[in-house]
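Content type mmCIF, N, CA and C atoms, from the file final_16.cif:
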```cif
data_final
#
loop_
_atom_site.label_atom_id
_atom_site.label_comp_id
_atom_site.auth_asym_id
_atom_site.auth_seq_id
_atom_site.Cartn_x
_atom_site.Cartn_y
_atom_site.Cartn_z
N MET A 1 -15.52 2.03 25.36
CA MET A 1 -15.74 2.11 23.93
C MET A 1 -14.49 2.73 23.29
N THR A 2 -14.03 2.11 22.22
CA THR A 2 -12.85 2.59 21.52
C THR A 2 -13.26 3.36 20.26
N PRO A 3 -12.35 4.13 19.68
CA PRO A 3 -12.67 4.81 18.42
C PRO A 3 -13.05 3.82 17.31
N PHE A 4 -12.50 2.62 17.37
CA PHE A 4 -12.83 1.61 16.36
C PHE A 4 -14.27 1.13 16.50
N ASP A 5 -14.77 1.07 17.73
CA ASP A 5 -16.18 0.76 17.96
C ASP A 5 -17.08 1.85 17.38
N LEU A 6 -16.63 3.09 17.50
CA LEU A 6 -17.40 4.20 16.95
C LEU A 6 -17.41 4.15 15.42
N ILE A 7 -16.28 3.80 14.81
CA ILE A 7 -16.23 3.66 13.35
C ILE A 7 -17.17 2.54 12.91
N ASN A 8 -17.16 1.42 13.62
CA ASN A 8 -18.08 0.32 13.30
C ASN A 8 -19.53 0.75 13.48
N SER A 9 -19.80 1.55 14.50
CA SER A 9 -21.15 2.05 14.72
C SER A 9 -21.60 2.94 13.56
N ILE A 10 -20.70 3.75 13.05
CA ILE A 10 -21.01 4.62 11.91
C ILE A 10 -21.27 3.78 10.66
N ASN A 11 -20.40 2.81 10.40
CA ASN A 11 -20.53 1.99 9.19
C ASN A 11 -21.75 1.08 9.22
N ASN A 12 -22.04 0.50 10.39
CA ASN A 12 -23.15 -0.47 10.50
C ASN A 12 -24.46 0.16 10.93
N LYS A 13 -24.45 1.47 11.19
CA LYS A 13 -25.64 2.20 11.64
C LYS A 13 -26.21 1.61 12.93
N THR A 14 -25.32 1.30 13.84
CA THR A 14 -25.70 0.82 15.16
C THR A 14 -25.76 2.02 16.09
N ASN A 15 -26.93 2.31 16.61
CA ASN A 15 -27.09 3.47 17.48
C ASN A 15 -26.38 3.26 18.81
N ILE A 16 -25.74 4.31 19.30
CA ILE A 16 -25.09 4.25 20.61
C ILE A 16 -25.66 5.35 21.48
N ASP A 17 -25.62 5.13 22.77
CA ASP A 17 -26.07 6.15 23.73
C ASP A 17 -24.89 7.08 23.99
N TRP A 18 -25.03 8.32 23.58
CA TRP A 18 -23.94 9.29 23.71
C TRP A 18 -23.90 9.78 25.15
N ASP A 19 -22.79 9.51 25.83
CA ASP A 19 -22.60 9.99 27.19
C ASP A 19 -21.16 10.48 27.33
N SER A 20 -20.76 10.80 28.54
CA SER A 20 -19.42 11.38 28.75
C SER A 20 -18.31 10.37 28.43
N ALA A 21 -18.57 9.09 28.64
CA ALA A 21 -17.56 8.07 28.33
C ALA A 21 -17.34 7.97 26.82
N VAL A 22 -18.41 8.04 26.06
CA VAL A 22 -18.30 8.00 24.61
C VAL A 22 -17.64 9.27 24.12
N GLU A 23 -18.02 10.39 24.70
CA GLU A 23 -17.41 11.68 24.33
C GLU A 23 -15.91 11.66 24.56
N LYS A 24 -15.51 11.05 25.66
CA LYS A 24 -14.08 10.98 25.99
C LYS A 24 -13.33 10.05 25.03
N SER A 25 -13.95 8.97 24.61
CA SER A 25 -13.27 8.03 23.72
C SER A 25 -13.31 8.44 22.26
N TYR A 26 -14.12 9.44 21.91
CA TYR A 26 -14.20 9.90 20.52
C TYR A 26 -12.97 10.74 20.20
N SER A 27 -12.14 10.24 19.32
CA SER A 27 -10.94 10.95 18.89
C SER A 27 -11.13 11.36 17.43
N PRO A 28 -11.36 12.65 17.16
CA PRO A 28 -11.62 13.07 15.78
C PRO A 28 -10.51 12.65 14.81
N PHE A 29 -9.26 12.72 15.24
CA PHE A 29 -8.16 12.34 14.35
C PHE A 29 -8.26 10.87 13.95
N ILE A 30 -8.48 9.99 14.92
CA ILE A 30 -8.55 8.55 14.64
C ILE A 30 -9.79 8.22 13.78
N ILE A 31 -10.91 8.84 14.11
CA ILE A 31 -12.14 8.59 13.35
C ILE A 31 -11.96 9.06 11.90
N ASN A 32 -11.43 10.27 11.72
CA ASN A 32 -11.21 10.79 10.37
C ASN A 32 -10.23 9.91 9.60
N ARG A 33 -9.19 9.50 10.26
CA ARG A 33 -8.20 8.66 9.60
C ARG A 33 -8.80 7.31 9.22
N GLY A 34 -9.55 6.71 10.13
CA GLY A 34 -10.16 5.42 9.86
C GLY A 34 -11.15 5.47 8.70
N LEU A 35 -11.86 6.57 8.58
CA LEU A 35 -12.83 6.68 7.50
C LEU A 35 -12.21 7.17 6.20
N SER A 36 -10.98 7.64 6.25
CA SER A 36 -10.34 8.15 5.03
C SER A 36 -9.73 7.04 4.17
N PHE A 37 -9.72 5.82 4.64
CA PHE A 37 -9.12 4.72 3.89
C PHE A 37 -10.08 4.11 2.87
N ASN A 38 -11.33 4.49 2.88
CA ASN A 38 -12.31 3.91 1.98
C ASN A 38 -12.78 4.95 0.98
N LEU A 39 -12.98 4.55 -0.27
CA LEU A 39 -13.41 5.48 -1.31
C LEU A 39 -14.81 6.04 -1.04
N GLN A 40 -15.66 5.28 -0.38
CA GLN A 40 -17.02 5.74 -0.10
C GLN A 40 -17.06 6.78 1.01
N THR A 41 -16.08 6.79 1.88
CA THR A 41 -16.13 7.67 3.04
C THR A 41 -15.03 8.73 3.08
N ILE A 42 -14.14 8.73 2.11
CA ILE A 42 -13.01 9.66 2.15
C ILE A 42 -13.47 11.12 2.04
N LEU A 43 -14.50 11.38 1.26
CA LEU A 43 -14.97 12.76 1.12
C LEU A 43 -15.60 13.27 2.41
N PHE A 44 -16.25 12.39 3.16
CA PHE A 44 -16.81 12.79 4.46
C PHE A 44 -15.67 13.14 5.42
N ALA A 45 -14.61 12.33 5.41
CA ALA A 45 -13.47 12.60 6.28
C ALA A 45 -12.80 13.91 5.89
N ASN A 46 -12.74 14.19 4.59
CA ASN A 46 -12.14 15.43 4.13
C ASN A 46 -12.94 16.64 4.63
N VAL A 47 -14.26 16.54 4.60
CA VAL A 47 -15.09 17.64 5.11
C VAL A 47 -14.83 17.85 6.59
N MET A 48 -14.75 16.78 7.36
CA MET A 48 -14.51 16.92 8.80
C MET A 48 -13.11 17.46 9.09
N ASN A 49 -12.15 17.17 8.22
CA ASN A 49 -10.81 17.73 8.41
C ASN A 49 -10.83 19.25 8.20
N ARG A 50 -11.77 19.72 7.41
CA ARG A 50 -11.87 21.16 7.18
C ARG A 50 -12.56 21.89 8.33
N PHE A 51 -13.30 21.16 9.17
CA PHE A 51 -14.02 21.77 10.29
C PHE A 51 -13.67 21.09 11.61
N PRO A 52 -12.43 21.22 12.07
CA PRO A 52 -12.05 20.53 13.31
C PRO A 52 -12.65 21.15 14.57
N GLN A 53 -13.18 22.37 14.47
CA GLN A 53 -13.72 23.05 15.64
C GLN A 53 -15.11 22.56 16.02
N LEU A 54 -15.72 21.73 15.18
CA LEU A 54 -17.07 21.24 15.48
C LEU A 54 -17.06 20.34 16.70
N ASP A 55 -18.17 20.33 17.39
CA ASP A 55 -18.37 19.49 18.56
C ASP A 55 -18.24 18.01 18.17
N LYS A 56 -17.75 17.18 19.07
CA LYS A 56 -17.57 15.75 18.78
C LYS A 56 -18.88 15.06 18.44
N LYS A 57 -19.92 15.40 19.16
CA LYS A 57 -21.23 14.81 18.89
C LYS A 57 -21.72 15.22 17.50
N MET A 58 -21.47 16.46 17.13
CA MET A 58 -21.89 16.94 15.81
C MET A 58 -21.12 16.21 14.70
N GLN A 59 -19.82 15.97 14.93
CA GLN A 59 -19.04 15.22 13.96
C GLN A 59 -19.57 13.80 13.81
N TYR A 60 -19.84 13.16 14.94
CA TYR A 60 -20.37 11.80 14.91
C TYR A 60 -21.71 11.76 14.17
N ASP A 61 -22.59 12.71 14.46
CA ASP A 61 -23.90 12.74 13.80
C ASP A 61 -23.75 12.96 12.30
N PHE A 62 -22.81 13.81 11.89
CA PHE A 62 -22.57 14.04 10.46
C PHE A 62 -22.19 12.73 9.78
N TYR A 63 -21.26 12.00 10.38
CA TYR A 63 -20.86 10.71 9.81
C TYR A 63 -22.01 9.71 9.84
N PHE A 64 -22.69 9.63 10.98
CA PHE A 64 -23.75 8.63 11.16
C PHE A 64 -24.89 8.84 10.17
N ARG A 65 -25.27 10.09 9.95
CA ARG A 65 -26.40 10.38 9.06
C ARG A 65 -25.99 10.41 7.59
N GLY A 66 -24.72 10.73 7.30
CA GLY A 66 -24.31 10.92 5.92
C GLY A 66 -23.76 9.69 5.24
N ILE A 67 -23.04 8.87 5.97
CA ILE A 67 -22.39 7.71 5.36
C ILE A 67 -23.39 6.56 5.24
N PRO A 68 -23.51 5.99 4.05
CA PRO A 68 -24.45 4.88 3.89
C PRO A 68 -23.99 3.63 4.64
N LYS A 69 -24.95 2.82 5.02
CA LYS A 69 -24.65 1.59 5.75
C LYS A 69 -23.87 0.64 4.85
N GLY A 70 -22.87 0.01 5.42
CA GLY A 70 -22.09 -0.96 4.65
C GLY A 70 -20.93 -1.50 5.46
N LYS A 71 -20.51 -2.68 5.09
CA LYS A 71 -19.35 -3.28 5.75
C LYS A 71 -18.10 -2.82 5.02
N ARG A 72 -17.21 -2.19 5.75
CA ARG A 72 -15.97 -1.68 5.17
C ARG A 72 -14.80 -2.22 5.98
N PHE A 73 -13.98 -3.01 5.32
CA PHE A 73 -12.83 -3.59 5.98
C PHE A 73 -11.58 -3.06 5.28
N ASP A 74 -11.16 -1.89 5.67
CA ASP A 74 -10.01 -1.26 5.06
C ASP A 74 -8.79 -1.43 5.95
N LYS A 75 -7.67 -1.71 5.32
CA LYS A 75 -6.44 -1.91 6.08
C LYS A 75 -5.82 -0.56 6.40
N TRP A 76 -5.32 -0.46 7.62
CA TRP A 76 -4.61 0.73 8.02
C TRP A 76 -3.19 0.65 7.47
N GLN A 77 -2.67 1.78 7.04
CA GLN A 77 -1.31 1.81 6.52
C GLN A 77 -0.34 1.57 7.66
N LYS A 78 0.65 0.75 7.36
CA LYS A 78 1.64 0.42 8.37
C LYS A 78 2.89 1.28 8.17
N LYS A 79 3.64 1.41 9.23
CA LYS A 79 4.89 2.17 9.18
C LYS A 79 5.88 1.43 8.28
N LEU A 80 6.58 2.19 7.45
CA LEU A 80 7.56 1.59 6.56
C LEU A 80 8.77 1.11 7.36
N GLU A 81 9.24 -0.07 7.05
CA GLU A 81 10.44 -0.60 7.67
C GLU A 81 11.61 -0.40 6.72
N PRO A 82 12.72 0.11 7.20
CA PRO A 82 13.86 0.35 6.30
C PRO A 82 14.52 -0.94 5.86
N THR A 83 14.95 -0.93 4.58
CA THR A 83 15.72 -2.06 4.06
C THR A 83 17.18 -1.87 4.49
N GLY A 84 18.05 -2.76 4.05
CA GLY A 84 19.46 -2.69 4.42
C GLY A 84 20.11 -1.39 4.01
N ASN A 85 19.96 -1.02 2.73
CA ASN A 85 20.58 0.21 2.25
C ASN A 85 19.92 1.45 2.84
N GLU A 86 18.61 1.41 3.04
CA GLU A 86 17.92 2.55 3.63
C GLU A 86 18.40 2.80 5.05
N SER A 87 18.53 1.76 5.84
CA SER A 87 19.00 1.94 7.22
C SER A 87 20.44 2.43 7.25
N LEU A 88 21.23 1.99 6.29
CA LEU A 88 22.62 2.45 6.20
C LEU A 88 22.67 3.95 5.88
N VAL A 89 21.90 4.38 4.90
CA VAL A 89 21.87 5.80 4.53
C VAL A 89 21.27 6.63 5.66
N MET A 90 20.24 6.10 6.34
CA MET A 90 19.65 6.80 7.47
C MET A 90 20.68 7.05 8.57
N ALA A 91 21.47 6.04 8.88
CA ALA A 91 22.48 6.18 9.93
C ALA A 91 23.61 7.10 9.50
N PHE A 92 24.03 7.02 8.25
CA PHE A 92 25.18 7.81 7.78
C PHE A 92 24.84 9.29 7.73
N TYR A 93 23.68 9.62 7.19
CA TYR A 93 23.31 11.03 7.04
C TYR A 93 22.41 11.55 8.16
N SER A 94 22.00 10.71 9.08
CA SER A 94 21.08 11.07 10.17
C SER A 94 19.79 11.68 9.62
N ILE A 95 19.12 10.93 8.76
CA ILE A 95 17.87 11.37 8.15
C ILE A 95 16.80 10.30 8.37
N ASN A 96 15.56 10.67 8.07
CA ASN A 96 14.46 9.72 8.25
C ASN A 96 14.33 8.80 7.03
N ILE A 97 13.39 7.87 7.10
CA ILE A 97 13.25 6.85 6.06
C ILE A 97 12.79 7.43 4.73
N ASP A 98 11.96 8.46 4.77
CA ASP A 98 11.49 9.06 3.52
C ASP A 98 12.64 9.71 2.76
N LYS A 99 13.46 10.46 3.47
CA LYS A 99 14.60 11.12 2.83
C LYS A 99 15.65 10.11 2.40
N ALA A 100 15.80 9.02 3.16
CA ALA A 100 16.76 7.97 2.78
C ALA A 100 16.32 7.29 1.49
N THR A 101 15.02 7.09 1.33
CA THR A 101 14.50 6.48 0.10
C THR A 101 14.77 7.40 -1.09
N GLU A 102 14.58 8.70 -0.90
CA GLU A 102 14.88 9.65 -1.97
C GLU A 102 16.36 9.67 -2.29
N ALA A 103 17.20 9.62 -1.26
CA ALA A 103 18.65 9.66 -1.46
C ALA A 103 19.12 8.42 -2.21
N LEU A 104 18.51 7.28 -1.95
CA LEU A 104 18.92 6.05 -2.65
C LEU A 104 18.65 6.12 -4.14
N ARG A 105 17.69 6.92 -4.54
CA ARG A 105 17.40 7.06 -5.97
C ARG A 105 18.53 7.76 -6.72
N ILE A 106 19.25 8.64 -6.02
CA ILE A 106 20.28 9.41 -6.71
C ILE A 106 21.70 8.94 -6.39
N LEU A 107 21.86 8.13 -5.36
CA LEU A 107 23.19 7.64 -5.02
C LEU A 107 23.60 6.52 -5.98
N SER A 108 24.84 6.57 -6.42
CA SER A 108 25.36 5.52 -7.30
C SER A 108 25.84 4.35 -6.45
N ASP A 109 26.15 3.24 -7.13
CA ASP A 109 26.66 2.05 -6.42
C ASP A 109 28.01 2.35 -5.77
N GLU A 110 28.84 3.14 -6.44
CA GLU A 110 30.14 3.49 -5.87
C GLU A 110 29.98 4.31 -4.59
N GLN A 111 29.01 5.23 -4.60
CA GLN A 111 28.77 6.05 -3.41
C GLN A 111 28.23 5.18 -2.26
N LEU A 112 27.38 4.23 -2.58
CA LEU A 112 26.89 3.32 -1.54
C LEU A 112 28.01 2.47 -0.97
N ASP A 113 28.93 2.00 -1.84
CA ASP A 113 30.07 1.23 -1.36
C ASP A 113 30.94 2.07 -0.45
N MET A 114 31.14 3.36 -0.80
CA MET A 114 31.94 4.25 0.02
C MET A 114 31.28 4.45 1.40
N ILE A 115 29.95 4.60 1.41
CA ILE A 115 29.23 4.77 2.67
C ILE A 115 29.36 3.51 3.53
N LYS A 116 29.23 2.34 2.90
CA LYS A 116 29.37 1.07 3.64
C LYS A 116 30.77 0.95 4.23
N GLU A 117 31.77 1.32 3.46
CA GLU A 117 33.15 1.24 3.92
C GLU A 117 33.37 2.17 5.11
N LYS A 118 32.88 3.39 5.01
CA LYS A 118 33.07 4.35 6.10
C LYS A 118 32.28 3.96 7.34
N MET A 119 31.11 3.38 7.16
CA MET A 119 30.32 2.96 8.32
C MET A 119 30.97 1.76 9.00
N ASN A 120 31.61 0.89 8.24
CA ASN A 120 32.29 -0.27 8.84
C ASN A 120 33.52 0.15 9.60
N LYS A 121 34.18 1.25 9.15
CA LYS A 121 35.35 1.76 9.88
C LYS A 121 34.96 2.52 11.11
N GLY A 122 33.72 2.98 11.14
CA GLY A 122 33.26 3.73 12.31
C GLY A 122 33.39 5.22 12.12
N GLY A 123 33.87 5.68 10.99
CA GLY A 123 34.04 7.10 10.74
C GLY A 123 32.95 7.63 9.84
N ARG A 124 32.80 8.95 9.86
CA ARG A 124 31.79 9.58 9.02
C ARG A 124 32.40 10.25 7.81
N LYS A 125 33.68 10.62 7.87
CA LYS A 125 34.27 11.37 6.75
C LYS A 125 35.46 10.69 6.16
#
```

Will you turn the file into structure tokens for me?
Amino acid sequence: MTPFDLINSINNKTNIDWDSAVEKSYSPFIINRGLSFNLQTILFANVMNRFPQLDKKMQYDFYFRGIPKGKRFDKWQKKLEPTGNESLVMAFYSINIDKATEALRILSDEQLDMIKEKMNKGGRK
């Protein structure tokens, strides 16, 4: 049983037999994240994020009893892929994609051309 099966069980109100295999496959982080993508279940996930010390079975029961039955097909957020200029700034300054996106907002076209020129020469300064 995967965490996604458990999320489907919570959403569809399909009872499962709780045993050690289910306990092992229950990942609170994945379950909370999966339920946080929907407006109907985000508040439940927020409550569980505030109480991570609770037993896994107790967390599952909270979701199972509290969330109304319904089909929820929410897309998981995907990792951002850098564009041409973002990857260039990431390589030049050795920063991650979020900081490169912020840097592109303040860099002028002349500064970007200078970075491209220096990266093509192989130098940093």

Checklist line | Spatial sel., origin (26.8, 8.7, 4.2), limit 7 Å, all atoms listed in the file, listed as a PyMOL selection string | finding: chain A and resi 88-89+91-93+114-116+124

Next on the checklist: Could you tell me, as a PyMOL selection string, exactly which residues end up selected when the PyMOL selection byres (((chain A and resi 20-31 and name CA) around 10) and name CA) is applied to this structure?
Outcome noted: chain A and resi 1-7+10+16-19+32-36+45+48-49+52+54-57+59-60+63

Contacts of Asp74 in chain A at 10 Å (only C-alpha atoms; same-chain gap of 2+ positions) as a PDB file with N, CA and C atoms, keeping the file's coordinate frame:
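Listed below is the output, out.pdb:
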```pdb
ATOM      1  N   GLY A  34      -9.550   6.710  10.130  1.00  0.00           N
ATOM      2  CA  GLY A  34     -10.160   5.420   9.860  1.00  0.00           C
ATOM      3  C   GLY A  34     -11.150   5.470   8.700  1.00  0.00           C
ATOM      4  N   LEU A  35     -11.860   6.570   8.580  1.00  0.00           N
ATOM      5  CA  LEU A  35     -12.830   6.680   7.500  1.00  0.00           C
ATOM      6  C   LEU A  35     -12.210   7.170   6.200  1.00  0.00           C
ATOM      7  N   SER A  36     -10.980   7.640   6.250  1.00  0.00           N
ATOM      8  CA  SER A  36     -10.340   8.150   5.030  1.00  0.00           C
ATOM      9  C   SER A  36      -9.730   7.040   4.170  1.00  0.00           C
ATOM     10  N   PHE A  37      -9.720   5.820   4.640  1.00  0.00           N
ATOM     11  CA  PHE A  37      -9.120   4.720   3.890  1.00  0.00           C
ATOM     12  C   PHE A  37     -10.080   4.110   2.870  1.00  0.00           C
ATOM     13  N   ASN A  38     -11.330   4.490   2.880  1.00  0.00           N
ATOM     14  CA  ASN A  38     -12.310   3.910   1.980  1.00  0.00           C
ATOM     15  C   ASN A  38     -12.780   4.950   0.980  1.00  0.00           C
ATOM     16  N   LEU A  39     -12.980   4.550  -0.270  1.00  0.00           N
ATOM     17  CA  LEU A  39     -13.410   5.480  -1.310  1.00  0.00           C
ATOM     18  C   LEU A  39     -14.810   6.040  -1.040  1.00  0.00           C
ATOM     19  N   LYS A  71     -20.510  -2.680   5.090  1.00  0.00           N
ATOM     20  CA  LYS A  71     -19.350  -3.280   5.750  1.00  0.00           C
ATOM     21  C   LYS A  71     -18.100  -2.820   5.020  1.00  0.00           C
ATOM     22  N   ARG A  72     -17.210  -2.190   5.750  1.00  0.00           N
ATOM     23  CA  ARG A  72     -15.970  -1.680   5.170  1.00  0.00           C
ATOM     24  C   ARG A  72     -14.800  -2.220   5.980  1.00  0.00           C
ATOM     25  N   TRP A  76      -5.320  -0.460   7.620  1.00  0.00           N
ATOM     26  CA  TRP A  76      -4.610   0.730   8.020  1.00  0.00           C
ATOM     27  C   TRP A  76      -3.190   0.650   7.470  1.00  0.00           C
ATOM     28  N   GLN A  77      -2.670   1.780   7.040  1.00  0.00           N
ATOM     29  CA  GLN A  77      -1.310   1.810   6.520  1.00  0.00           C
ATOM     30  C   GLN A  77      -0.340   1.570   7.660  1.00  0.00           C
TER      31      GLN A  77
END
```

Atom-to-atom span, atom N of Asp98 in chain A and atom C of Gln111 in chain A, Å: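 Going from atom N of Asp98 in chain A over to atom C of Gln111 in chain A, I get 18.0 Å.
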
Could you tell me how far atom N of Leu80 in chain A sits from atom N of Lys118 in chain A, in Å to one decimal place?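 Separation between atom N of Lys118 in chain A and atom N of Leu80 in chain A: 26.4 Å.
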
Students should find that CA of Arg105 in chain A and CA of Lys121 in chain A are spaced 24.5 Å

Kindly list the centre and edge lengths in Å, rounded to one decimal, for the axis-aligned box that covers all listed atoms of range 16-19 of chain A plus 4 Å on each of its six sides, as lines of an AutoDock Vina configuration file.
```
center_x = -23.6
center_y = 7.4
center_z = 23.3
size_x = 12.9
size_y = 14.2
size_z = 16.0
```

Go through A:Asn8, A:Pro68, A:Met58, A:Asn85 and flag the residue nearest Leu107 in chain A, using only C-alpha atoms for the distances.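 Checking each candidate against Leu107 in chain A, we get A:Asn85 as the closest.
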
> Could you pull out all residues of chain A with a DSSP call of helix (DSSP H, G or I) and give them as an MDAnalysis selection string?
Replying inline: chainID A and resid 3:12 20:25 28:35 42:50 56:66 84:93 97:106 109:121

* Asked: Which of these residues is nearest to Met119 in chain A, using only C-alpha atoms: A:Ile95, A:Met90, A:Ile106, A:Ala100?
  ->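 Of the candidates, the smallest distance to Met119 in chain A is held by A:Met90.
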